[in-house]
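Note sheet for the following structure.
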Amino acid sequence: MVEFIDYGLGKELAGADLEWKELSEADLSGADLSRANLRCADLSWSNLAEANLASANLSDANLTGANLTGASLNFADLSRATLIEANLSQAILIGANLKGANLDGAELSEADLSGAMMPDGSVHD
């Protein structure tokens with residue numbers, strides 16, 4: 001089991017600028033990261049379960065092995081993000097942009113992908 005790191009960021013991070021930040025193995029479960037700029041951030045193996053990432057910019061972010069179970073990613077930009085072996089089960093990705101994202105080995109069971117742009121550029125029904 002991964003021991004998550006407390007970076008002292010707290011859980012109220014709506015609109016925060018965390019571009020290029022090293023946050024691997026962070027415990028951000030339940031955090032409000034709505035509208036946050038996480039472009040190119042390293043969130044590998046982080047716990048983002050139940051986090052609010054609605055309208056967040058996660059383009060080019062590293063989310064390898066991240067736990068995003070039940071996270072809200074409505075209209076989030078995940079273009080070109082690395083989501084290898086990430087757990088997105090029960091996540092809400094309505095209208096999210098996943099174009100060019102790497103979802104190899106990602107768990108998407110019960111995820112809501114309504115209107116999401118998929119890695120190949122197609123729009124999910």
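By convention in this document, the chains of the structure tokens carry letters A, B, ... by their order, each chain's residues are numbered from 1, and ligands are numbered from 1 in the order they are shown.
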Give me the region 42-102 of chain A side of the contact with region 31-37 of chain A, cut-off 7 Å, one line per residue showing its nearest atom pair and distance in Å at one decimal, counting only C-alpha atoms, sorted by chain and residue number, as JSON lines.
```
{"residue": "A:Ala51", "atom": "CA", "partner": "A:Ala31", "partner_atom": "CA", "distance": 4.8}
{"residue": "A:Asn52", "atom": "CA", "partner": "A:Asp32", "partner_atom": "CA", "distance": 4.8}
{"residue": "A:Leu53", "atom": "CA", "partner": "A:Ser34", "partner_atom": "CA", "distance": 4.5}
{"residue": "A:Ala54", "atom": "CA", "partner": "A:Ser34", "partner_atom": "CA", "distance": 4.7}
{"residue": "A:Ser55", "atom": "CA", "partner": "A:Arg35", "partner_atom": "CA", "distance": 4.8}
{"residue": "A:Ala56", "atom": "CA", "partner": "A:Arg35", "partner_atom": "CA", "distance": 4.1}
{"residue": "A:Asn57", "atom": "CA", "partner": "A:Asn37", "partner_atom": "CA", "distance": 4.9}
{"residue": "A:Leu58", "atom": "CA", "partner": "A:Asn37", "partner_atom": "CA", "distance": 6.9}
```
Could you save those same residues with N, CA and C atoms as an mmCIF file, in the first residue's frame?
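The result, stored in again.cif:
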```
data_model
loop_
_atom_site.group_PDB
_atom_site.id
_atom_site.type_symbol
_atom_site.label_atom_id
_atom_site.label_comp_id
_atom_site.auth_asym_id
_atom_site.auth_seq_id
_atom_site.Cartn_x
_atom_site.Cartn_y
_atom_site.Cartn_z
ATOM 1 N N ALA A 51 -12.484 13.683 -5.128
ATOM 2 C CA ALA A 51 -12.057 15.076 -5.299
ATOM 3 C C ALA A 51 -12.917 15.778 -6.344
ATOM 4 N N ASN A 52 -13.062 17.081 -6.197
ATOM 5 C CA ASN A 52 -13.779 17.898 -7.174
ATOM 6 C C ASN A 52 -12.746 18.528 -8.096
ATOM 7 N N LEU A 53 -12.659 18.003 -9.325
ATOM 8 C CA LEU A 53 -11.733 18.505 -10.339
ATOM 9 C C LEU A 53 -12.508 19.070 -11.522
ATOM 10 N N ALA A 54 -13.738 19.506 -11.275
ATOM 11 C CA ALA A 54 -14.564 20.055 -12.350
ATOM 12 C C ALA A 54 -13.887 21.267 -12.973
ATOM 13 N N SER A 55 -13.833 21.282 -14.283
ATOM 14 C CA SER A 55 -13.240 22.365 -15.070
ATOM 15 C C SER A 55 -11.768 22.610 -14.758
ATOM 16 N N ALA A 56 -11.087 21.638 -14.170
ATOM 17 C CA ALA A 56 -9.655 21.770 -13.892
ATOM 18 C C ALA A 56 -8.852 21.530 -15.167
ATOM 19 N N ASN A 57 -7.694 22.160 -15.256
ATOM 20 C CA ASN A 57 -6.777 21.939 -16.365
ATOM 21 C C ASN A 57 -5.746 20.912 -15.928
ATOM 22 N N LEU A 58 -5.897 19.682 -16.440
ATOM 23 C CA LEU A 58 -4.974 18.588 -16.166
ATOM 24 C C LEU A 58 -4.260 18.168 -17.445
#
```
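By chain and then residue number, the residues within 10 Å of Asp42 (chain A) are Leu18, Glu19, Trp20, Lys21, Glu22, Leu23, Ser24, Glu25, Ala26, Leu58, Asp60, Ala61, Asn62, Leu63, Thr64 and Thr82 of chain A, counting only C-alpha atoms and disregarding those fewer than 5 positions away in sequence.
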Next, dump the selected residues to file, keeping only N, CA, C and O atoms, as a PDB file, in the first residue's frame.
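File produced: again32.pdb:
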```
ATOM      1  N   LEU A  18      -1.263  25.195  -9.782  1.00  0.00           N
ATOM      2  CA  LEU A  18      -0.328  24.140  -9.397  1.00  0.00           C
ATOM      3  C   LEU A  18       0.383  23.578 -10.621  1.00  0.00           C
ATOM      4  O   LEU A  18       0.818  22.432 -10.635  1.00  0.00           O
ATOM      5  N   GLU A  19       0.520  24.424 -11.644  1.00  0.00           N
ATOM      6  CA  GLU A  19       1.174  24.009 -12.876  1.00  0.00           C
ATOM      7  C   GLU A  19       2.601  23.553 -12.582  1.00  0.00           C
ATOM      8  O   GLU A  19       3.328  24.208 -11.835  1.00  0.00           O
ATOM      9  N   TRP A  20       2.983  22.407 -13.147  1.00  0.00           N
ATOM     10  CA  TRP A  20       4.313  21.805 -13.024  1.00  0.00           C
ATOM     11  C   TRP A  20       4.655  21.372 -11.604  1.00  0.00           C
ATOM     12  O   TRP A  20       5.822  21.050 -11.319  1.00  0.00           O
ATOM     13  N   LYS A  21       3.711  21.326 -10.678  1.00  0.00           N
ATOM     14  CA  LYS A  21       4.013  20.950  -9.290  1.00  0.00           C
ATOM     15  C   LYS A  21       4.252  19.450  -9.169  1.00  0.00           C
ATOM     16  O   LYS A  21       3.633  18.637  -9.837  1.00  0.00           O
ATOM     17  N   GLU A  22       5.149  19.082  -8.281  1.00  0.00           N
ATOM     18  CA  GLU A  22       5.451  17.688  -7.936  1.00  0.00           C
ATOM     19  C   GLU A  22       4.535  17.306  -6.775  1.00  0.00           C
ATOM     20  O   GLU A  22       4.728  17.761  -5.651  1.00  0.00           O
ATOM     21  N   LEU A  23       3.516  16.510  -7.081  1.00  0.00           N
ATOM     22  CA  LEU A  23       2.529  16.105  -6.079  1.00  0.00           C
ATOM     23  C   LEU A  23       2.337  14.591  -6.076  1.00  0.00           C
ATOM     24  O   LEU A  23       1.272  14.107  -5.708  1.00  0.00           O
ATOM     25  N   SER A  24       3.358  13.856  -6.466  1.00  0.00           N
ATOM     26  CA  SER A  24       3.221  12.403  -6.511  1.00  0.00           C
ATOM     27  C   SER A  24       2.962  11.861  -5.105  1.00  0.00           C
ATOM     28  O   SER A  24       3.496  12.373  -4.120  1.00  0.00           O
ATOM     29  N   GLU A  25       2.071  10.899  -5.039  1.00  0.00           N
ATOM     30  CA  GLU A  25       1.665  10.230  -3.799  1.00  0.00           C
ATOM     31  C   GLU A  25       0.968  11.162  -2.804  1.00  0.00           C
ATOM     32  O   GLU A  25       0.897  10.874  -1.614  1.00  0.00           O
ATOM     33  N   ALA A  26       0.458  12.288  -3.281  1.00  0.00           N
ATOM     34  CA  ALA A  26      -0.251  13.233  -2.400  1.00  0.00           C
ATOM     35  C   ALA A  26      -1.619  12.687  -2.006  1.00  0.00           C
ATOM     36  O   ALA A  26      -2.265  11.991  -2.786  1.00  0.00           O
ATOM     37  N   LEU A  58      -5.897  19.682 -16.440  1.00  0.00           N
ATOM     38  CA  LEU A  58      -4.974  18.588 -16.166  1.00  0.00           C
ATOM     39  C   LEU A  58      -4.260  18.168 -17.445  1.00  0.00           C
ATOM     40  O   LEU A  58      -3.763  17.051 -17.548  1.00  0.00           O
ATOM     41  N   ASP A  60      -1.601  17.358 -20.068  1.00  0.00           N
ATOM     42  CA  ASP A  60      -0.209  16.909 -19.968  1.00  0.00           C
ATOM     43  C   ASP A  60       0.207  16.495 -18.553  1.00  0.00           C
ATOM     44  O   ASP A  60       1.402  16.359 -18.272  1.00  0.00           O
ATOM     45  N   ALA A  61      -0.748  16.310 -17.649  1.00  0.00           N
ATOM     46  CA  ALA A  61      -0.428  15.900 -16.281  1.00  0.00           C
ATOM     47  C   ALA A  61      -0.103  14.412 -16.230  1.00  0.00           C
ATOM     48  O   ALA A  61      -0.590  13.624 -17.035  1.00  0.00           O
ATOM     49  N   ASN A  62       0.707  14.039 -15.253  1.00  0.00           N
ATOM     50  CA  ASN A  62       1.022  12.629 -15.020  1.00  0.00           C
ATOM     51  C   ASN A  62       0.146  12.127 -13.881  1.00  0.00           C
ATOM     52  O   ASN A  62       0.343  12.502 -12.727  1.00  0.00           O
ATOM     53  N   LEU A  63      -0.830  11.281 -14.236  1.00  0.00           N
ATOM     54  CA  LEU A  63      -1.746  10.700 -13.265  1.00  0.00           C
ATOM     55  C   LEU A  63      -1.591   9.179 -13.233  1.00  0.00           C
ATOM     56  O   LEU A  63      -2.515   8.448 -12.902  1.00  0.00           O
ATOM     57  N   THR A  64      -0.394   8.697 -13.542  1.00  0.00           N
ATOM     58  CA  THR A  64      -0.120   7.267 -13.522  1.00  0.00           C
ATOM     59  C   THR A  64      -0.462   6.696 -12.151  1.00  0.00           C
ATOM     60  O   THR A  64      -0.004   7.205 -11.124  1.00  0.00           O
ATOM     61  N   THR A  82      -1.375  11.483 -18.836  1.00  0.00           N
ATOM     62  CA  THR A  82      -0.988  10.093 -18.675  1.00  0.00           C
ATOM     63  C   THR A  82      -1.796   9.513 -17.525  1.00  0.00           C
ATOM     64  O   THR A  82      -1.620   9.920 -16.370  1.00  0.00           O
TER      65      THR A  82
END
```
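For the pair CA of Leu28 (chain A) and CA of Gly10 (chain A), the separation is 8.0 Å.
Taking CA of Asp112 (chain A) and CA of Ser59 (chain A) as endpoints, the distance between them is 19.5 Å.
Across the structure, CA of Glu12 (chain A) and CA of Ile84 (chain A) are spaced 26.7 Å apart.
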_Considering only strand (DSSP E or B) as DSSP defines it on the backbone, what residues of chain A qualify? List them as a PyMOL selection string._
chain A and resi 5+12+17+22+26-27+32+37+42+47+52+57+62+67+72+77+82+87+92+97+102+107+112+117+123
_Let me make sure I understand: among A:Ser46, A:Ser79, A:Thr69, A:Ser109, which one has the smallest atom-to-atom distance to Ala91 (chain A) if we use only C-alpha atoms?_
A:Thr69
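Using only C-alpha atoms, the smallest distance between any of A:Ser89, A:Gly30, A:Glu50, A:Leu38 and Asp17 (chain A) comes from A:Leu38.
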_Exercise: region 93-108 of chain A partners within 9 Å, only C-alpha atoms, chain neighbours under 3 positions left out, as a PyMOL selection string_ = chain A and resi 54-55+59-60+64-65+71-90+111-124
Take the residues from that selection and write them out as a PDB file, in the first residue's frame, keeping C-alpha atoms.
```pdb
ATOM      1  CA  ALA A  54     -14.564  20.055 -12.350  1.00  0.00           C
ATOM      2  CA  SER A  55     -13.240  22.365 -15.070  1.00  0.00           C
ATOM      3  CA  SER A  59      -3.541  18.723 -19.667  1.00  0.00           C
ATOM      4  CA  ASP A  60      -0.209  16.909 -19.968  1.00  0.00           C
ATOM      5  CA  THR A  64      -0.120   7.267 -13.522  1.00  0.00           C
ATOM      6  CA  GLY A  65      -1.640   4.971 -10.900  1.00  0.00           C
ATOM      7  CA  ALA A  71     -13.953  12.060  -8.542  1.00  0.00           C
ATOM      8  CA  SER A  72     -15.858  14.813 -10.330  1.00  0.00           C
ATOM      9  CA  LEU A  73     -14.031  15.677 -13.563  1.00  0.00           C
ATOM     10  CA  ASN A  74     -16.902  17.402 -15.373  1.00  0.00           C
ATOM     11  CA  PHE A  75     -15.533  19.506 -18.234  1.00  0.00           C
ATOM     12  CA  ALA A  76     -11.941  18.921 -17.053  1.00  0.00           C
ATOM     13  CA  ASP A  77      -9.150  19.172 -19.617  1.00  0.00           C
ATOM     14  CA  LEU A  78      -7.239  15.879 -19.508  1.00  0.00           C
ATOM     15  CA  SER A  79      -5.826  16.231 -23.006  1.00  0.00           C
ATOM     16  CA  ARG A  80      -2.534  14.365 -23.412  1.00  0.00           C
ATOM     17  CA  ALA A  81      -2.633  13.348 -19.724  1.00  0.00           C
ATOM     18  CA  THR A  82      -0.988  10.093 -18.675  1.00  0.00           C
ATOM     19  CA  LEU A  83      -3.579   7.966 -16.878  1.00  0.00           C
ATOM     20  CA  ILE A  84      -1.802   4.593 -17.093  1.00  0.00           C
ATOM     21  CA  GLU A  85      -3.279   2.222 -14.465  1.00  0.00           C
ATOM     22  CA  ALA A  86      -5.318   5.079 -12.951  1.00  0.00           C
ATOM     23  CA  ASN A  87      -8.537   4.141 -11.158  1.00  0.00           C
ATOM     24  CA  LEU A  88     -11.399   6.204 -12.585  1.00  0.00           C
ATOM     25  CA  SER A  89     -14.177   3.886 -11.437  1.00  0.00           C
ATOM     26  CA  GLN A  90     -17.393   5.780 -10.669  1.00  0.00           C
ATOM     27  CA  ALA A 111     -17.523   6.038 -14.940  1.00  0.00           C
ATOM     28  CA  ASP A 112     -19.860   8.562 -16.588  1.00  0.00           C
ATOM     29  CA  LEU A 113     -18.240   9.605 -19.877  1.00  0.00           C
ATOM     30  CA  SER A 114     -21.307  11.308 -21.353  1.00  0.00           C
ATOM     31  CA  GLY A 115     -20.203  13.826 -23.964  1.00  0.00           C
ATOM     32  CA  ALA A 116     -16.526  13.292 -23.178  1.00  0.00           C
ATOM     33  CA  MET A 117     -13.980  13.626 -25.973  1.00  0.00           C
ATOM     34  CA  MET A 118     -12.112  10.327 -26.022  1.00  0.00           C
ATOM     35  CA  PRO A 119      -8.364   9.862 -26.714  1.00  0.00           C
ATOM     36  CA  ASP A 120      -9.007   9.230 -30.415  1.00  0.00           C
ATOM     37  CA  GLY A 121     -11.026  12.448 -30.735  1.00  0.00           C
ATOM     38  CA  SER A 122     -14.431  10.766 -30.855  1.00  0.00           C
ATOM     39  CA  VAL A 123     -17.202  11.937 -28.522  1.00  0.00           C
ATOM     40  CA  HIS A 124     -18.646   9.364 -26.127  1.00  0.00           C
TER      41      HIS A 124
END
```
